[in-house]
Each structure stands twice: as structure tokens, then as C-alpha cells.
file my_file-v3.cif (mmCIF, C-alpha atoms)
data_input
#
loop_
_atom_site.label_atom_id
_atom_site.label_comp_id
_atom_site.auth_asym_id
_atom_site.auth_seq_id
_atom_site.Cartn_x
_atom_site.Cartn_y
_atom_site.Cartn_z
CA MET T 1 93.87 49.30 -14.11
CA ALA T 2 93.14 52.80 -15.31
CA LYS T 3 91.72 55.24 -12.82
CA LYS T 4 88.06 56.04 -13.06
CA THR T 5 87.67 59.43 -14.69
CA TYR T 6 84.12 60.10 -13.54
CA ASP T 7 82.04 59.98 -10.38
CA LEU T 8 78.75 58.57 -11.58
CA LEU T 9 77.22 56.84 -14.58
CA PHE T 10 73.54 57.28 -15.43
CA LYS T 11 71.74 55.26 -18.06
CA LEU T 12 68.92 57.24 -19.66
CA LEU T 13 66.24 56.16 -22.12
CA LEU T 14 64.06 58.03 -24.58
CA ILE T 15 60.54 56.64 -24.92
CA GLY T 16 57.44 57.70 -26.82
CA ASP T 17 55.49 57.14 -30.02
CA SER T 18 57.21 56.97 -33.39
CA GLY T 19 57.70 60.34 -35.02
CA VAL T 20 57.66 62.47 -31.88
CA GLY T 21 61.28 63.43 -32.45
CA LYS T 22 63.09 61.18 -29.96
CA THR T 23 65.87 60.56 -32.37
CA CYS T 24 66.28 64.29 -32.92
CA ILE T 25 66.41 64.88 -29.18
CA LEU T 26 69.22 62.44 -28.83
CA PHE T 27 70.75 63.30 -32.15
CA ARG T 28 70.18 66.99 -32.34
CA PHE T 29 71.93 67.41 -35.59
CA SER T 30 69.40 66.08 -38.04
CA ASP T 31 70.57 68.16 -40.98
CA ASP T 32 71.19 65.65 -43.74
CA ALA T 33 73.55 67.99 -45.50
CA PHE T 34 76.07 67.27 -42.79
CA THR T 35 75.36 63.72 -41.77
CA SER T 36 77.50 61.21 -43.51
CA THR T 37 75.42 58.93 -45.69
CA PHE T 38 77.09 55.90 -44.18
CA ILE T 39 76.26 56.84 -40.59
CA SER T 40 72.70 57.90 -41.35
CA THR T 41 72.09 54.58 -43.09
CA ILE T 42 73.17 52.39 -40.19
CA GLY T 43 71.87 54.76 -37.52
CA ILE T 44 73.11 55.59 -34.06
CA ASP T 45 72.64 53.25 -31.12
CA PHE T 46 73.59 55.35 -28.11
CA LYS T 47 75.71 58.25 -26.97
CA ILE T 48 77.96 59.00 -24.09
CA LYS T 49 77.88 62.56 -22.82
CA THR T 50 79.71 64.02 -19.88
CA VAL T 51 78.15 66.68 -17.69
CA GLU T 52 79.24 68.27 -14.48
CA LEU T 53 76.65 68.74 -11.79
CA ARG T 54 77.42 70.03 -8.32
CA GLY T 55 81.08 69.28 -8.68
CA LYS T 56 80.49 65.72 -9.80
CA LYS T 57 81.52 64.45 -13.17
CA ILE T 58 78.63 62.42 -14.53
CA LYS T 59 78.60 60.22 -17.60
CA LEU T 60 75.24 59.95 -19.31
CA GLN T 61 74.66 56.96 -21.51
CA ILE T 62 71.61 57.84 -23.60
CA TRP T 63 69.64 55.25 -25.58
CA ASP T 64 66.92 55.64 -28.15
CA THR T 65 64.33 52.92 -28.75
CA ALA T 66 65.35 52.88 -32.41
CA GLY T 67 61.86 52.13 -33.67
CA GLN T 68 61.16 49.23 -31.29
CA GLU T 69 58.07 51.11 -30.10
CA ARG T 70 56.45 50.54 -33.47
CA PHE T 71 56.27 46.84 -32.76
CA HIS T 72 55.35 47.25 -29.09
CA THR T 73 58.39 45.23 -28.16
CA ILE T 74 59.75 47.56 -25.51
CA THR T 75 60.20 45.16 -22.68
CA THR T 76 62.17 44.56 -19.57
CA SER T 77 65.50 44.10 -21.31
CA TYR T 78 65.40 47.59 -22.78
CA TYR T 79 64.55 49.11 -19.41
CA ARG T 80 67.19 47.14 -17.51
CA GLY T 81 69.50 49.37 -15.56
CA ALA T 82 67.76 52.55 -16.69
CA MET T 83 67.91 55.27 -14.07
CA GLY T 84 66.11 57.97 -16.03
CA ILE T 85 63.47 58.03 -18.74
CA MET T 86 62.52 60.88 -21.05
CA LEU T 87 58.91 60.37 -22.06
CA VAL T 88 58.39 62.26 -25.29
CA TYR T 89 55.26 63.38 -27.11
CA ASP T 90 54.76 65.72 -30.05
CA ILE T 91 52.73 68.89 -29.34
CA THR T 92 51.38 68.74 -32.90
CA ASN T 93 50.14 65.15 -32.49
CA GLU T 94 47.20 64.52 -30.13
CA LYS T 95 47.58 60.74 -30.24
CA SER T 96 51.20 60.86 -29.11
CA PHE T 97 50.07 62.87 -26.09
CA GLU T 98 47.25 60.47 -25.25
CA ASN T 99 49.70 57.59 -25.44
CA ILE T 100 51.85 59.10 -22.70
CA VAL T 101 49.55 57.38 -20.20
CA LYS T 102 50.10 54.10 -22.00
CA TRP T 103 53.86 54.58 -21.89
CA LEU T 104 53.71 55.41 -18.19
CA ARG T 105 51.93 52.11 -17.62
CA ASN T 106 54.55 50.30 -19.70
CA ILE T 107 57.28 51.87 -17.59
CA ASP T 108 55.52 50.83 -14.39
CA GLU T 109 55.35 47.29 -15.66
CA HIS T 110 58.88 46.92 -16.91
CA ALA T 111 61.22 49.49 -15.44
CA ASN T 112 62.79 49.74 -12.04
CA GLU T 113 60.23 51.32 -9.73
CA ASP T 114 62.46 54.19 -8.64
CA VAL T 115 63.39 55.22 -12.18
CA GLU T 116 63.31 59.00 -12.55
CA LYS T 117 60.89 60.19 -15.25
CA MET T 118 60.38 63.39 -17.18
CA ILE T 119 57.75 64.27 -19.79
CA LEU T 120 58.83 66.30 -22.79
CA GLY T 121 56.42 68.03 -25.16
CA ASN T 122 58.61 68.20 -28.23
CA LYS T 123 58.41 70.33 -31.39
CA CYS T 124 57.44 73.46 -29.44
CA ASP T 125 58.89 75.51 -32.30
CA MET T 126 55.88 74.51 -34.44
CA SER T 127 53.35 76.76 -32.71
CA ASP T 128 51.12 77.07 -35.78
CA LYS T 129 50.55 73.31 -35.80
CA ARG T 130 50.14 72.91 -32.04
CA VAL T 131 47.20 70.79 -30.89
CA VAL T 132 48.29 70.01 -27.31
CA ASN T 133 48.60 73.11 -25.18
CA LYS T 134 51.24 73.42 -22.53
CA GLU T 135 48.74 73.32 -19.67
CA ARG T 136 47.65 69.80 -20.58
CA GLY T 137 51.26 68.65 -20.52
CA GLU T 138 51.78 70.26 -17.14
CA ALA T 139 48.56 68.72 -15.83
CA ILE T 140 49.44 65.16 -16.75
CA ALA T 141 52.91 65.58 -15.29
CA ARG T 142 51.47 66.96 -12.06
CA GLU T 143 48.98 64.11 -11.88
CA HIS T 144 51.79 61.56 -12.02
CA GLY T 145 54.18 63.63 -9.93
CA ILE T 146 56.85 63.93 -12.59
CA ARG T 147 58.75 66.74 -14.25
CA PHE T 148 57.66 68.39 -17.46
CA MET T 149 59.22 70.60 -20.08
CA GLU T 150 58.45 71.70 -23.60
CA THR T 151 61.35 71.25 -25.99
CA SER T 152 62.37 71.75 -29.55
CA ALA T 153 65.08 69.49 -30.82
CA LYS T 154 65.06 71.42 -34.07
CA SER T 155 65.58 74.83 -32.51
CA ASN T 156 67.57 73.38 -29.62
CA ILE T 157 65.22 74.71 -26.96
CA ASN T 158 65.47 73.11 -23.51
CA ILE T 159 67.15 69.91 -24.74
CA GLU T 160 70.32 70.19 -22.71
CA ARG T 161 68.38 71.65 -19.81
CA ALA T 162 66.04 68.65 -19.84
CA PHE T 163 68.93 66.17 -19.70
CA CYS T 164 70.63 68.08 -16.94
CA GLU T 165 67.45 68.32 -14.86
CA LEU T 166 66.85 64.61 -15.23
CA ALA T 167 70.45 63.89 -14.31
CA GLU T 168 70.14 66.19 -11.34
CA ALA T 169 67.03 64.42 -10.13
CA ILE T 170 68.85 61.08 -10.32
CA LEU T 171 71.81 62.62 -8.56
CA ASP T 172 69.52 63.63 -5.70
CA LYS T 173 68.47 60.02 -5.22
CA THR T 174 71.98 58.68 -5.64
CA SER T 175 73.53 61.11 -3.18
CA GLY T 176 70.95 60.08 -0.63
CA ARG T 177 72.04 56.48 -1.08
CA GLU T 178 75.72 57.31 -1.03
CA SER T 179 75.50 59.28 2.15
CA ALA T 180 73.82 56.34 3.83
CA GLU T 181 76.60 53.99 2.75
CA ASN T 182 79.35 56.46 3.27
CA PRO T 183 78.51 58.74 6.18
CA GLU T 184 81.79 60.61 6.08
CA ARG T 185 81.11 61.96 2.65
CA VAL T 186 80.03 65.58 2.63
CA VAL T 187 76.52 65.94 1.26
CA ILE T 188 75.90 69.26 -0.32
CA ASP T 189 72.58 70.74 0.66
CA ARG T 190 71.07 71.81 -2.59
CA LYS T 191 67.97 73.46 -1.13
CA ASN T 192 69.76 76.79 -1.28
CA ASN T 193 70.32 76.65 -4.97
CA ASP T 194 67.09 74.97 -5.99
CA LYS T 195 66.17 78.02 -7.99
CA ALA T 196 69.35 77.93 -9.99
CA PRO T 197 70.20 74.39 -11.07
CA GLY T 198 73.57 74.07 -12.65
CA TYR T 199 72.51 73.34 -16.16
CA ASN T 200 74.19 76.46 -17.47
CA LYS T 201 77.52 74.99 -16.71
CA CYS T 202 77.00 71.50 -17.90
CA CYS T 203 76.57 69.85 -21.28
CA ALA T 204 78.93 72.46 -22.67
CA MET U 1 91.86 66.74 -39.53
CA THR U 2 95.31 65.94 -38.24
CA GLU U 3 97.82 65.31 -41.02
CA GLU U 4 99.84 62.12 -40.84
CA SER U 5 103.09 64.08 -40.79
CA ASN U 6 101.90 65.58 -37.54
CA PHE U 7 100.97 62.34 -35.75
CA ALA U 8 104.30 61.87 -33.99
CA ALA U 9 103.97 65.26 -32.32
CA GLN U 10 100.67 64.15 -30.78
CA ILE U 11 102.16 61.19 -28.95
CA GLU U 12 103.73 61.60 -25.55
CA ASN U 13 104.68 58.52 -23.51
CA ASP U 14 102.56 56.47 -25.92
CA ARG U 15 99.48 58.51 -25.05
CA ASN U 16 97.62 61.46 -26.54
CA LYS U 17 99.43 64.61 -25.50
CA LEU U 18 96.41 66.85 -26.19
CA SER U 19 92.65 66.54 -26.09
CA VAL U 20 90.96 64.87 -29.04
CA ARG U 21 88.17 66.86 -30.69
CA CYS U 22 85.76 66.72 -33.60
CA GLN U 23 87.31 68.25 -36.69
CA PHE U 24 83.99 69.83 -37.68
CA CYS U 25 82.38 71.13 -34.48
CA ASN U 26 85.30 70.95 -32.03
CA CYS U 27 83.27 68.87 -29.56
CA LEU U 28 85.56 67.35 -26.92
CA MET U 29 85.77 63.59 -27.44
CA LEU U 30 88.66 62.49 -25.29
CA LYS U 31 90.76 64.28 -22.72
CA ALA U 32 94.54 64.38 -22.97
CA ASN U 33 96.41 61.28 -21.80
CA GLU U 34 93.31 59.01 -21.88
CA GLY U 35 94.10 57.08 -25.07
CA SER U 36 97.10 54.91 -25.84
CA TYR U 37 98.69 54.93 -29.27
CA CYS U 38 98.44 51.81 -31.37
CA GLU U 39 99.15 50.87 -34.95
CA GLN U 40 97.13 48.36 -36.94
CA GLU U 41 95.81 48.27 -40.45
CA VAL U 42 92.04 48.49 -40.46
CA ASP U 43 89.46 49.23 -43.14
CA VAL U 44 87.25 52.10 -42.05
CA PRO U 45 84.36 53.46 -44.15
CA LEU U 46 84.96 56.90 -45.63
CA MET U 47 83.20 59.82 -43.99
CA GLN U 48 81.89 60.92 -47.36
CA GLN U 49 80.52 58.20 -49.61
CA LYS U 50 80.03 58.88 -53.29
CA GLN U 51 76.37 59.42 -54.16
CA ASP U 52 76.23 57.00 -57.09
CA ARG U 53 77.58 53.99 -55.27
CA SER U 54 75.52 50.82 -55.28
CA ALA U 55 74.34 49.60 -51.89
CA GLU U 56 76.99 46.90 -51.86
CA ALA U 57 79.99 49.03 -52.60
CA LEU U 58 80.90 50.63 -49.33
CA GLN U 59 83.92 52.84 -49.82
CA THR U 60 86.59 52.35 -47.21
CA GLU U 61 90.18 53.29 -46.64
CA LYS U 62 92.95 51.60 -44.69
CA LEU U 63 93.84 53.49 -41.55
CA ARG U 64 96.89 52.69 -39.44
CA HIS U 65 97.12 55.11 -36.52
CA PHE U 66 94.67 54.92 -33.64
CA TRP U 67 94.12 55.91 -30.05
CA LEU U 68 93.07 52.83 -28.11
CA ILE U 69 90.44 53.43 -25.41
CA LYS U 70 89.75 50.29 -23.41
CA ASP U 71 86.74 51.54 -21.48
CA MET U 72 84.13 53.43 -23.50
CA MET U 73 83.22 55.47 -20.45
CA THR U 74 86.59 57.16 -20.74
CA PHE U 75 85.20 59.30 -23.56
CA GLU U 76 83.91 62.73 -22.70
CA ASN U 77 81.41 62.77 -25.58
CA ILE U 78 80.98 60.18 -28.30
CA GLY U 79 78.27 58.43 -30.30
CA PHE U 80 78.04 54.73 -31.23
CA SER U 81 76.37 53.49 -34.39
CA HIS U 82 74.38 50.28 -34.60
CA THR U 83 76.43 47.13 -35.01
CA VAL U 84 77.79 46.10 -38.39
CA ASP U 85 79.83 42.87 -38.53
CA GLY U 86 80.85 42.95 -34.90
CA ARG U 87 81.77 46.63 -34.88
CA LYS U 88 80.05 49.84 -33.91
CA PHE U 89 81.33 53.00 -35.53
CA LEU U 90 82.23 56.05 -33.47
CA VAL U 91 80.79 59.43 -34.38
CA CYS U 92 80.87 62.90 -32.90
CA ALA U 93 78.23 63.12 -30.14
CA ASP U 94 77.20 66.61 -31.22
CA CYS U 95 77.34 66.81 -35.00
CA GLU U 96 77.30 63.05 -35.63
CA ARG U 97 79.87 63.15 -38.34
CA GLY U 98 82.02 60.13 -38.71
CA PRO U 99 83.06 57.43 -38.52
CA VAL U 100 85.98 58.72 -36.50
CA GLY U 101 86.84 55.21 -35.38
CA TYR U 102 85.19 52.02 -34.23
CA HIS U 103 84.24 49.92 -31.22
CA GLU U 104 84.98 46.22 -31.33
CA LEU U 105 82.23 44.22 -29.65
CA ALA U 106 84.38 41.19 -28.87
CA SER U 107 87.05 43.08 -26.93
CA LYS U 108 84.89 46.09 -26.01
CA PHE U 109 87.83 48.30 -27.01
CA CYS U 110 87.44 51.55 -28.92
CA TYR U 111 89.79 52.79 -31.60
CA LEU U 112 89.82 56.45 -32.55
CA ALA U 113 91.60 57.29 -35.82
CA LEU U 114 94.19 60.06 -35.46
CA GLY U 115 93.59 61.20 -39.03
CA ARG U 116 89.87 61.78 -38.53
CA VAL U 117 89.99 64.05 -35.52
CA VAL U 118 91.84 67.16 -34.41
CA HIS U 119 94.16 67.47 -31.43
CA GLY U 120 94.19 70.51 -29.20
CA ASP U 121 93.19 71.77 -25.81
CA LYS U 122 90.91 74.50 -27.15
#
call {"tool": "encode", "arguments": {"input": "my_file-v3.cif", "output": "C-alpha cells"}}
result
Amino acid sequence: MAKKTYDLLFKLLLIGDSGVGKTCILFRFSDDAFTSTFISTIGIDFKIKTVELRGKKIKLQIWDTAGQERFHTITTSYYRGAMGIMLVYDITNEKSFENIVKWLRNIDEHANEDVEKMILGNKCDMSDKRVVNKERGEAIAREHGIRFMETSAKSNINIERAFCELAEAILDKTSGRESAENPERVVIDRKNNDKAPGYNKCCA
Amino acid sequence: MTEESNFAAQIENDRNKLSVRCQFCNCLMLKANEGSYCEQEVDVPLMQQKQDRSAEALQTEKLRHFWLIKDMMTFENIGFSHTVDGRKFLVCADCERGPVGYHELASKFCYLALGRVVHGDK
């Protein structure tokens, strides 16, 4: 049996209304000039990305809903095993922001209760078309006690940072669990470096 | 891309001597020594399809030289397409160009084509 080449595996999901740019967040490179016609026709199911956080090698398996949200068929099977969820709205689309509450309810119904969530206000490069200001995004995140970030998949703003922060939040939970099961393991106190999470080093 | 004449130099103890990377963006796909060499003749769709093709006529080529990866989590970075006839195609996780190989649903094995990637530690 081959040795395991990583420490942890996190399954992450992208959820939100159609057209908010989930696919671009997962698949940053949306320039058709480069995408092979064959691949863009069949579409991408998921990706595996490796990041290093606090000395641990973490594999992220990232899934997109692939349009299921249009038919309101996102159910338990899609959420199964998910440890982190990126909840995405479009800052130029009021409705997509309002629906965040609906998605949060859907997650409560179907996902594991300790799933780590993060709200992303995507398309922040389109400031001239903005209808949802940043404060509203921050407010709804605060209200539900979850993280928030504005991103631009197109301009590659905060995308990798968002994934690393989500992974880090899951890591916090996981390390808590591990230390309980395995008391001899050294648990790194991350309070000291809270201000400087390691996302500069990862996702490279 | 790695030329066929150069394949033998990439194999050490039946495994990939160097890291496997995307030929376009250099994204690291597989670390050295993580894939095992295998030969089989498989039809793989071309990375560039001709514009005027009809929907039915998928252009493919026969490829023979692959790195076999038994556990998909062995990859550093890789993308999987949706399923077509029991296979998912592998693409670069960053630039999404491909297919660079395929994943067989029945066996869960992944096959990365030597001729569609580059080999090197930098």
C-alpha cells in the first residue's frame, strides 16, 4: 500500500444562485481562448488542490453545484461529507444576496451541523455595477457568525485567500478533535499568529 | 510537452523521476516518484478540436505511455471533468487545459499521458 502523501483531506462545496460566478471561483481561468473546446463542452466536476497550512499538507477537494441549484435539487447527497461551504453571491445582483439567507437555511437542513461556512461577495471588480455594498455582506455574515470576504474571480482577488481561510477554519476544528484522540500530538497554538494566517505560503 | 523520444529518460525504477507539470502554466500536478509507468493503447480526445467538426466527430488520438496513479488524492493539483462513458478527463487545476489523461470510474485509477505534460522539478 502506498504511503499517504498528505495529512488531511477537506471536502469543500461552492453554493449560491446561478450566475454568481461559482464556476469561475473554482475554475479561475474562464478565458475561452485558452480552454479546450472539448473540456469546456463537458465541463469540470471537481478539483483537487494541495495547500500547506501550519506545516500540514492538506488536500482540498472542491465541488461546484454544476447548475443543480437551478432546479432546487441540492439535497443531502450533495452535502454529504462536506466540511466547508463557500456561499457565493454577486455584488451586482441584489436577488443573489437576498437568497443567501435561503441558502443558509438549505445548509442547515441538509449539511452536517458543524460544517464551516464562509460568505463570498463575488465580482468585486465590477464596482460601477455594484448594488450590494460591502457593509451589508459583513452584516449578514456577522448575524450568522460566519466569515465574509469580497472576491473577484475575474481579477483573482481574494480567491486563494478565501480557500485558505476556510481550510484554516476547518483545520482549527480538526486539530481540536485530533488532540483529543491523540493527546501526545503537539498542538500548535495559533493565537500568536492569528493576525498573519499562512495563506501567503499556500495555494502556490 | 514531453517528446516521445524523451520518455525513457523520465522513467526511473518504473516511476516518474521528476515532477509532472502542466505544459502551459507549469502548475505542479504530480510529485516525483508518485506515478508508475504503464503502457496501453487508449483513445484520448485531442486538446485542440477543429472548429468545423460536427458534434459527433470527436477527434482523438491513440496514446500509449501513461503514469498510473491509483489514488486520486496523490495528485498535488488536478481537475476532473464530468463523466463521459465511464471516464472523467484530467485537466490542469489552474489553467484547465487538457485532457492530460483520464480517470477510470470502474477502477478509480488515473492515467496521466506523458506526451501531454512536462517533466521537471522547476
call {"tool": "residues_around", "arguments": {"input": "my_file-v3.cif", "residues": "range 31-39 of chain U", "least_positions_apart": "6", "cutoff": "7 Å", "atoms": "all atoms listed in the file", "output": "ChimeraX atom specification"}}
result
/U:14-20,64-69
call {"tool": "write_last_selection", "arguments": {"input": "my_file-v3.cif", "atoms": "C-alpha atoms", "output": "tab-separated table (two decimals), keeping the file's coordinate frame"}}
result
chain	number	residue	atom	x	y	z
U	14	ASP	CA	102.56	56.47	-25.92
U	15	ARG	CA	99.48	58.51	-25.05
U	16	ASN	CA	97.62	61.46	-26.54
U	17	LYS	CA	99.43	64.61	-25.50
U	18	LEU	CA	96.41	66.85	-26.19
U	19	SER	CA	92.65	66.54	-26.09
U	20	VAL	CA	90.96	64.87	-29.04
U	64	ARG	CA	96.89	52.69	-39.44
U	65	HIS	CA	97.12	55.11	-36.52
U	66	PHE	CA	94.67	54.92	-33.64
U	67	TRP	CA	94.12	55.91	-30.05
U	68	LEU	CA	93.07	52.83	-28.11
U	69	ILE	CA	90.44	53.43	-25.41
call {"tool": "interface_residues", "arguments": {"input": "my_file-v3.cif", "of": "chain U", "to": "chain T", "cutoff": "10 Å", "atoms": "all atoms listed in the file", "output": "PyMOL selection string"}}
result
chain U and resi 24+27-29+31+34+45-51+58-59+70-84+88-99
call {"tool": "atom_distance", "arguments": {"input": "my_file-v3.cif", "atom1": "CA of Trp103 in chain T", "atom2": "CA of Lys173 in chain T"}}
result
22.8 Å
call {"tool": "resolve_selection", "arguments": {"input": "my_file-v3.cif", "expression": "the PyMOL selection byres ((chain T and resi 22) around 9)", "output": "NGL selection string"}}
result
:T and (14-21 or 23-27 or 64-66 or 86-89 or 122 or 153)
call {"tool": "axis_aligned_box", "arguments": {"input": "my_file-v3.cif", "around": "range 14-27 of chain U", "padding_each_side": "5 Å", "output": "lines of an AutoDock Vina configuration file"}}
result
center_x = 92.5
center_y = 63.8
center_z = -31.4
size_x = 30.2
size_y = 24.7
size_z = 22.6
call {"tool": "resolve_selection", "arguments": {"input": "my_file-v3.cif", "expression": "the PyMOL selection byres ((chain T and resi 163-166) around 9)", "output": "list in words"}}
result
Leu12, Val51, Glu52, Leu53, Leu60, Gly84, Ile85, Met86, Glu116, Lys117, Met118, Arg147, Asn158, Ile159, Glu160, Arg161, Ala162, Ala167, Glu168, Ala169, Ile170, Leu171, Pro197, Gly198, Tyr199, Cys202 and Cys203 of chain T
call {"tool": "closest_residue", "arguments": {"input": "my_file-v3.cif", "among": "T:Asp172, T:Glu143, T:Glu150, T:Asp7", "to": "Leu104 in chain T", "atoms": "only C-alpha atoms"}}
result
T:Glu143
call {"tool": "atom_distance", "arguments": {"input": "my_file-v3.cif", "atom1": "CA of Asp85 in chain U", "atom2": "CA of Arg116 in chain U"}}
result
21.4 Å
call {"tool": "atom_distance", "arguments": {"input": "my_file-v3.cif", "atom1": "CA of Val132 in chain T", "atom2": "CA of Gly145 in chain T"}}
result
19.4 Å
call {"tool": "resolve_selection", "arguments": {"input": "my_file-v3.cif", "expression": "the PyMOL selection byres ((chain U and resi 44) around 8)", "output": "list in words"}}
result
Val42, Asp43, Pro45, Leu46, Thr60, Glu61, Lys62, Leu63, Pro99 and Gly101 of chain U
